[in-house]
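S.K.: Got a structure here, written out as structure tokens. Questions coming.
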Amino acid sequence: MPYIDFDQLVELEAKCRSTTNITWRSAAHSDVGRVRQVNEDAFYSDSDQGLWAVADGMGGLSRGDFASGVVVDAFFHHMKASSIAGCIRDIEIRLREAHANCRNSFKGEQVGSTVVALYCYGGYGFLLWAGDSRVYRLRNDELETLTTDHTVAQSKIDSGAMTPEKAARHPSAHVLTRAVGVHQTLHLDLDFNPVQAGDRFLICSDGLYNELSDDELRTLLKQGKVEDTVETLVNKALDQGGRDNITAIVVDAVADAEGN
């Protein structure tokens, strides 16, 4: 879904309201890692609101911790509306305000951050992102990446100029094509999928998935309660080198009767 189509969200409203109720369990953890001196990651986690986000201040740029903090503040100030279109529009407006804040706060300095958010409304999960922080879904023991990285390498993959295997080793693998605060205009992608009871989501910065293979992620996500799983994921990434800040949120979709 290119950018945000609010007409499509309005059409989806009835489906969102008619689906089975889901409740949420989640846990989050962030670690500076074994190399960096400052943790430039930040996160937002609210199971009651059904809203989670990870922001990764861009390495090599000034004030990365400031940028990720500004992004996360956008979610703290989110005002839930009476429709999904209204909710998404409010998040978009607040992220655009964060974008302007990053661009205008430090004259002559480039200040930026990735952002990825999971927002659950009715029986649907809405993904909103810019950059290369990711959302994964574990469903019936199958792990799927629900977001697409906004990187130069991913653009080459999409055009057929590079294979995923080559892209993973290419210097452009982590050169971002979108982020909060960097370019003149902020372009956010939006996607959505029905949620099933039993789904488990992982929202994370690249400091996690760069250290762990998809097979390792799937194996670790299949085990334990959300609190134990998120700690295990971060500790495993640290054991594998911890070369970047590491942030992870694990979210379980639970049938309402079970959740109560």
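To be explicit about the labels: the chains of the structure tokens are called A, B, and onward in the order shown, and within each one the residues are counted from 1, while ligands get numbers from 1 in the order they are shown.
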Could you find all residues in stretch 6-245 of chain A that DSSP calls strand (DSSP E or B) from the backbone, and write them as a compact mmCIF listing (two decimals) with N, CA and C atoms, in the first residue's frame?

M.R.:
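Output saved as out37.txt:
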# COMPACT_ATOMS: atom_id res chain seq x y z
N ILE A 22 -9.87 -9.01 20.35
CA ILE A 22 -8.55 -9.52 20.70
C ILE A 22 -8.03 -8.67 21.85
N THR A 23 -7.37 -9.29 22.82
CA THR A 23 -6.64 -8.53 23.84
C THR A 23 -5.15 -8.77 23.62
N TRP A 24 -4.34 -7.98 24.32
CA TRP A 24 -2.92 -7.94 24.00
C TRP A 24 -2.05 -8.12 25.23
N ARG A 25 -0.97 -8.84 25.04
CA ARG A 25 0.09 -8.94 26.05
C ARG A 25 1.39 -8.54 25.36
N SER A 26 2.21 -7.76 26.05
CA SER A 26 3.45 -7.32 25.41
C SER A 26 4.53 -7.06 26.44
N ALA A 27 5.75 -7.08 25.97
CA ALA A 27 6.91 -6.74 26.79
C ALA A 27 7.97 -6.13 25.87
N ALA A 28 8.76 -5.21 26.41
CA ALA A 28 9.75 -4.50 25.61
C ALA A 28 11.06 -4.42 26.38
N HIS A 29 12.15 -4.35 25.62
CA HIS A 29 13.46 -4.20 26.25
C HIS A 29 14.40 -3.53 25.26
N SER A 30 15.26 -2.64 25.77
CA SER A 30 16.26 -1.97 24.95
C SER A 30 17.61 -2.01 25.66
N ASP A 31 18.67 -2.19 24.87
CA ASP A 31 20.02 -2.31 25.43
C ASP A 31 20.99 -1.52 24.56
N ASP A 41 18.32 4.15 20.49
CA ASP A 41 17.00 3.55 20.28
C ASP A 41 16.03 4.07 21.33
N ALA A 42 14.76 4.04 20.99
CA ALA A 42 13.69 4.35 21.95
C ALA A 42 12.47 3.55 21.54
N PHE A 43 11.55 3.34 22.50
CA PHE A 43 10.36 2.57 22.16
C PHE A 43 9.15 3.09 22.92
N TYR A 44 7.98 2.71 22.40
CA TYR A 44 6.70 2.99 23.04
C TYR A 44 5.93 1.68 23.09
N SER A 45 5.34 1.37 24.24
CA SER A 45 4.63 0.10 24.40
C SER A 45 3.41 0.31 25.28
N ASP A 46 2.21 0.07 24.72
CA ASP A 46 0.96 0.26 25.46
C ASP A 46 -0.05 -0.79 25.00
N LEU A 51 -0.91 -0.16 20.90
CA LEU A 51 0.02 0.65 20.11
C LEU A 51 1.45 0.43 20.61
N TRP A 52 2.33 0.10 19.66
CA TRP A 52 3.74 -0.14 19.97
C TRP A 52 4.59 0.49 18.88
N ALA A 53 5.76 0.99 19.24
CA ALA A 53 6.64 1.62 18.25
C ALA A 53 8.09 1.50 18.68
N VAL A 54 8.96 1.45 17.68
CA VAL A 54 10.41 1.47 17.89
C VAL A 54 11.00 2.56 17.00
N ALA A 55 11.90 3.34 17.56
CA ALA A 55 12.61 4.38 16.81
C ALA A 55 14.11 4.17 17.02
N ASP A 56 14.86 4.28 15.94
CA ASP A 56 16.30 4.05 15.96
C ASP A 56 16.98 5.30 15.44
N GLY A 57 17.57 6.10 16.35
CA GLY A 57 18.32 7.27 15.94
C GLY A 57 19.45 6.86 15.02
N SER A 113 15.86 9.66 12.53
CA SER A 113 15.51 8.41 13.20
C SER A 113 14.59 7.59 12.29
N VAL A 115 11.38 4.92 12.18
CA VAL A 115 10.21 4.67 13.01
C VAL A 115 9.46 3.49 12.43
N VAL A 116 8.97 2.63 13.31
CA VAL A 116 8.06 1.56 12.90
C VAL A 116 7.06 1.37 14.03
N ALA A 117 5.78 1.27 13.66
CA ALA A 117 4.72 1.16 14.66
C ALA A 117 3.74 0.07 14.27
N LEU A 118 3.23 -0.61 15.26
CA LEU A 118 2.10 -1.54 15.12
C LEU A 118 0.95 -0.96 15.92
N TYR A 119 -0.18 -0.75 15.23
CA TYR A 119 -1.38 -0.22 15.87
C TYR A 119 -2.53 -1.19 15.62
N CYS A 120 -3.10 -1.72 16.68
CA CYS A 120 -4.15 -2.72 16.55
C CYS A 120 -5.50 -2.10 16.84
N TYR A 121 -6.41 -2.28 15.90
CA TYR A 121 -7.73 -1.67 15.98
C TYR A 121 -8.74 -2.70 15.51
N TYR A 124 -7.70 -5.89 13.26
CA TYR A 124 -6.66 -5.60 12.27
C TYR A 124 -5.43 -5.01 12.94
N GLY A 125 -4.27 -5.33 12.37
CA GLY A 125 -3.02 -4.71 12.78
C GLY A 125 -2.54 -3.77 11.68
N PHE A 126 -2.28 -2.53 12.04
CA PHE A 126 -1.84 -1.51 11.08
C PHE A 126 -0.36 -1.22 11.32
N LEU A 127 0.41 -1.24 10.24
CA LEU A 127 1.84 -1.01 10.30
C LEU A 127 2.17 0.32 9.65
N LEU A 128 2.93 1.14 10.34
CA LEU A 128 3.30 2.46 9.85
C LEU A 128 4.80 2.61 10.04
N TRP A 129 5.53 2.95 8.96
CA TRP A 129 6.98 2.96 9.12
C TRP A 129 7.70 3.81 8.09
N ALA A 130 8.92 4.19 8.46
CA ALA A 130 9.89 4.83 7.58
C ALA A 130 11.27 4.41 8.07
N ARG A 134 11.82 -2.95 11.89
CA ARG A 134 10.92 -3.93 11.29
C ARG A 134 9.83 -4.42 12.24
N VAL A 135 8.78 -5.00 11.61
CA VAL A 135 7.77 -5.79 12.31
C VAL A 135 7.75 -7.18 11.68
N TYR A 136 7.86 -8.19 12.53
CA TYR A 136 7.71 -9.59 12.12
C TYR A 136 6.43 -10.15 12.74
N ARG A 137 5.88 -11.17 12.09
CA ARG A 137 4.74 -11.89 12.66
C ARG A 137 5.04 -13.38 12.64
N LEU A 138 4.85 -14.02 13.80
CA LEU A 138 4.92 -15.47 13.90
C LEU A 138 3.50 -15.99 13.96
N ARG A 139 3.11 -16.78 12.96
CA ARG A 139 1.78 -17.36 12.89
C ARG A 139 1.90 -18.83 12.47
N GLU A 142 5.24 -20.05 11.44
CA GLU A 142 5.84 -19.44 10.26
C GLU A 142 6.14 -17.97 10.55
N LEU A 143 7.41 -17.57 10.30
CA LEU A 143 7.82 -16.19 10.55
C LEU A 143 7.76 -15.40 9.24
N GLU A 144 7.12 -14.23 9.29
CA GLU A 144 7.01 -13.38 8.11
C GLU A 144 7.40 -11.95 8.48
N THR A 145 8.20 -11.32 7.62
CA THR A 145 8.52 -9.91 7.78
C THR A 145 7.39 -9.10 7.17
N THR A 151 15.73 1.12 2.26
CA THR A 151 17.18 1.21 2.09
C THR A 151 17.52 1.18 0.61
N LEU A 176 19.76 4.42 4.34
CA LEU A 176 18.32 4.64 4.35
C LEU A 176 17.87 5.56 3.22
N VAL A 180 12.65 9.74 9.58
CA VAL A 180 12.12 10.96 10.19
C VAL A 180 13.25 11.98 10.32
N ASP A 189 5.05 4.69 5.03
CA ASP A 189 4.30 3.60 4.44
C ASP A 189 3.29 3.06 5.44
N LEU A 190 2.16 2.58 4.93
CA LEU A 190 1.12 1.98 5.76
C LEU A 190 0.69 0.66 5.15
N ASP A 191 0.56 -0.35 5.97
CA ASP A 191 -0.01 -1.62 5.53
C ASP A 191 -0.86 -2.16 6.67
N PHE A 192 -1.75 -3.11 6.37
CA PHE A 192 -2.59 -3.68 7.42
C PHE A 192 -2.94 -5.12 7.06
N ASN A 193 -3.19 -5.90 8.11
CA ASN A 193 -3.52 -7.31 7.96
C ASN A 193 -4.48 -7.71 9.07
N PRO A 194 -5.39 -8.67 8.79
CA PRO A 194 -6.21 -9.21 9.88
C PRO A 194 -5.33 -9.89 10.93
N ARG A 200 1.92 -13.79 17.14
CA ARG A 200 2.95 -13.13 17.95
C ARG A 200 3.73 -12.19 17.04
N PHE A 201 3.88 -10.94 17.48
CA PHE A 201 4.58 -9.93 16.69
C PHE A 201 5.90 -9.56 17.37
N LEU A 202 6.88 -9.27 16.53
CA LEU A 202 8.16 -8.73 17.00
C LEU A 202 8.38 -7.40 16.30
N ILE A 203 8.56 -6.35 17.09
CA ILE A 203 8.88 -5.01 16.59
C ILE A 203 10.29 -4.70 17.06
N CYS A 204 11.19 -4.35 16.14
CA CYS A 204 12.59 -4.27 16.56
C CYS A 204 13.41 -3.32 15.70

S.K.: Please provide the set of residues having any atom within 8 Å of A:Phe75, restricted to only C-alpha atoms, with same-chain residues fewer than 3 positions apart removed, written as a VMD selection string.

M.R.: chain A and resid 44 53 71 to 72 78 91 94

S.K.: Excluding A:Thr185 and any residue of its chain fewer than 5 positions from it, enumerate the residues within 12 Å of it, using only C-alpha atoms, and give them as a list of chain:residue names.

M.R.: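 Close residues of A:Thr185: A:Leu95, A:Arg96, A:Glu97, A:Ala98, A:His99, A:Ala100, A:Arg103, A:Ala130, A:Thr177, A:Arg178, A:Ala179, A:Val180.
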
S.K.: I need the residues from that last selection saved to file as a PDB file, in the first residue's frame (with N, CA and C atoms), if you can.

M.R.:
ATOM      1  N   LEU A  95       3.796  12.441  13.802  1.00  0.00           N
ATOM      2  CA  LEU A  95       5.107  12.076  13.269  1.00  0.00           C
ATOM      3  C   LEU A  95       5.640  13.167  12.343  1.00  0.00           C
ATOM      4  N   ARG A  96       4.753  13.837  11.629  1.00  0.00           N
ATOM      5  CA  ARG A  96       5.202  14.956  10.795  1.00  0.00           C
ATOM      6  C   ARG A  96       5.684  16.113  11.679  1.00  0.00           C
ATOM      7  N   GLU A  97       5.043  16.300  12.817  1.00  0.00           N
ATOM      8  CA  GLU A  97       5.527  17.303  13.768  1.00  0.00           C
ATOM      9  C   GLU A  97       6.906  16.914  14.301  1.00  0.00           C
ATOM     10  N   ALA A  98       7.098  15.615  14.577  1.00  0.00           N
ATOM     11  CA  ALA A  98       8.408  15.139  15.028  1.00  0.00           C
ATOM     12  C   ALA A  98       9.462  15.347  13.936  1.00  0.00           C
ATOM     13  N   HIS A  99       9.065  15.115  12.703  1.00  0.00           N
ATOM     14  CA  HIS A  99       9.948  15.330  11.557  1.00  0.00           C
ATOM     15  C   HIS A  99      10.416  16.787  11.501  1.00  0.00           C
ATOM     16  N   ALA A 100       9.480  17.697  11.637  1.00  0.00           N
ATOM     17  CA  ALA A 100       9.820  19.122  11.613  1.00  0.00           C
ATOM     18  C   ALA A 100      10.700  19.500  12.802  1.00  0.00           C
ATOM     19  N   ARG A 103      14.243  18.432  12.131  1.00  0.00           N
ATOM     20  CA  ARG A 103      14.882  19.242  11.093  1.00  0.00           C
ATOM     21  C   ARG A 103      15.236  20.647  11.585  1.00  0.00           C
ATOM     22  N   ALA A 130       8.924   4.190   8.463  1.00  0.00           N
ATOM     23  CA  ALA A 130       9.892   4.828   7.580  1.00  0.00           C
ATOM     24  C   ALA A 130      11.270   4.407   8.073  1.00  0.00           C
ATOM     25  N   THR A 177      16.719   5.244   2.644  1.00  0.00           N
ATOM     26  CA  THR A 177      16.085   6.118   1.666  1.00  0.00           C
ATOM     27  C   THR A 177      14.949   6.933   2.288  1.00  0.00           C
ATOM     28  N   ARG A 178      14.520   6.554   3.480  1.00  0.00           N
ATOM     29  CA  ARG A 178      13.500   7.309   4.213  1.00  0.00           C
ATOM     30  C   ARG A 178      13.810   7.274   5.697  1.00  0.00           C
ATOM     31  N   ALA A 179      13.470   8.348   6.375  1.00  0.00           N
ATOM     32  CA  ALA A 179      13.596   8.410   7.828  1.00  0.00           C
ATOM     33  C   ALA A 179      12.931   9.694   8.304  1.00  0.00           C
ATOM     34  N   VAL A 180      12.654   9.742   9.583  1.00  0.00           N
ATOM     35  CA  VAL A 180      12.122  10.960  10.191  1.00  0.00           C
ATOM     36  C   VAL A 180      13.250  11.981  10.321  1.00  0.00           C
TER      37      VAL A 180
END

S.K.: Go ahead and compute the interatomic distance for atom CA of A:His150 and atom CA of A:Glu13, in Å to one decimal.

M.R.: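 Rounded to one decimal, the two atoms are 28.1 Å apart.
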
S.K.: For A:Cys102, which residue among A:Val32, A:Ser133, A:His183, A:Gln49 is the nearest when counting only C-alpha atoms?

M.R.: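 Closest candidate: A:His183.
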
S.K.: What residues in stretch 6-218 of chain A get the DSSP label alpha helix (DSSP H)? Please answer as an MDAnalysis selection string.

M.R.: chainID A and resid 6:18 64:76 84:105 152:159 164:169 206:209 214:218

S.K.: Using only C-alpha atoms, can you tell me which of A:Glu11, A:Asp252, A:Asp132, A:Asp214 comes closest to A:Val230?

M.R.: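 Nearest to A:Val230: A:Asp252.
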
S.K.: With only C-alpha atoms as the atoms that count, which of A:Val111, A:Ala161, A:Ala255, A:Ile84 lies nearest to A:Asp7?

M.R.: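 Closest candidate: A:Ile84.
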
S.K.: Kindly give the distance, in Å, that separates atom CA of A:Gln8 and atom CA of A:Val152, rounded to a single decimal.

M.R.: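 Between atom CA of A:Gln8 and atom CA of A:Val152 the gap is 28.6 Å.
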
S.K.: Counting only C-alpha atoms, which of A:Gly112, A:Ser47, A:Glu165, A:Val35 gets nearest to A:Val254?

M.R.: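 Ranking A:Gly112, A:Ser47, A:Glu165, A:Val35 by distance to A:Val254, first place goes to A:Ser47.
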
S.K.: With a distance cut-off of 12 Å and only C-alpha atoms, select the neighbouring residues of A:Gln223, excluding the residue or stretch itself and same-chain residues fewer than 4 positions from it, and output the selection as a list in words.

M.R.: Leu138, Asp141, Arg200, Glu216, Leu217, Arg218, Thr219, Glu227, Asp228, Thr229, Val230, Glu231, Thr232, Leu233 and Val250 of chain A

S.K.: Take the residues from that selection and write them out as a PDB file, in the first residue's frame, keeping C-alpha atoms.

M.R.:
ATOM      1  CA  LEU A 138       4.920 -15.465  13.905  1.00  0.00           C
ATOM      2  CA  ASP A 141       5.219 -21.459  13.431  1.00  0.00           C
ATOM      3  CA  ARG A 200       2.950 -13.131  17.952  1.00  0.00           C
ATOM      4  CA  GLU A 216      17.043 -17.975  15.135  1.00  0.00           C
ATOM      5  CA  LEU A 217      14.304 -15.361  15.400  1.00  0.00           C
ATOM      6  CA  ARG A 218      11.620 -17.942  14.655  1.00  0.00           C
ATOM      7  CA  THR A 219      13.009 -20.438  17.155  1.00  0.00           C
ATOM      8  CA  GLU A 227       8.567 -11.083  29.092  1.00  0.00           C
ATOM      9  CA  ASP A 228      10.940 -14.045  28.846  1.00  0.00           C
ATOM     10  CA  THR A 229      11.058 -14.012  25.059  1.00  0.00           C
ATOM     11  CA  VAL A 230      12.025 -10.367  24.708  1.00  0.00           C
ATOM     12  CA  GLU A 231      14.843 -10.767  27.239  1.00  0.00           C
ATOM     13  CA  THR A 232      16.085 -13.895  25.461  1.00  0.00           C
ATOM     14  CA  LEU A 233      16.091 -12.150  22.077  1.00  0.00           C
ATOM     15  CA  VAL A 250       7.109  -8.842  21.641  1.00  0.00           C
TER      16      VAL A 250
END

S.K.: Between A:Asn21, A:Ser213, A:Thr148, A:Asn104, which has the minimum distance to A:Asp256 (counting only C-alpha atoms)?

M.R.: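 Closest residue, counting only C-alpha atoms: A:Asn21.
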
S.K.: Can you pull out the residues contacting A:Glu211? Cut-off 6 Å, using only C-alpha atoms, and skip same-chain residues under 3 positions away; I want them as a list in words.

M.R.: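 With the cut-off at 6 Å, the set is Leu208, Ala237 and Gln240 of chain A.
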
S.K.: Filtering to C-alpha atoms, could you give me those residues as a PDB file, in the first residue's frame?

M.R.:
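File produced: out.pdb:
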ATOM      1  CA  LEU A 208      18.438  -7.133  16.789  1.00  0.00           C
ATOM      2  CA  ALA A 237      21.849 -10.531  20.062  1.00  0.00           C
ATOM      3  CA  GLN A 240      26.274 -12.624  18.914  1.00  0.00           C
TER       4      GLN A 240
END

S.K.: From the set A:Ser205, A:Ser83, A:Ile88, A:Thr247, which residue has the shortest atom-to-atom contact distance to A:Lys15, counting only C-alpha atoms?

M.R.: A:Ser83
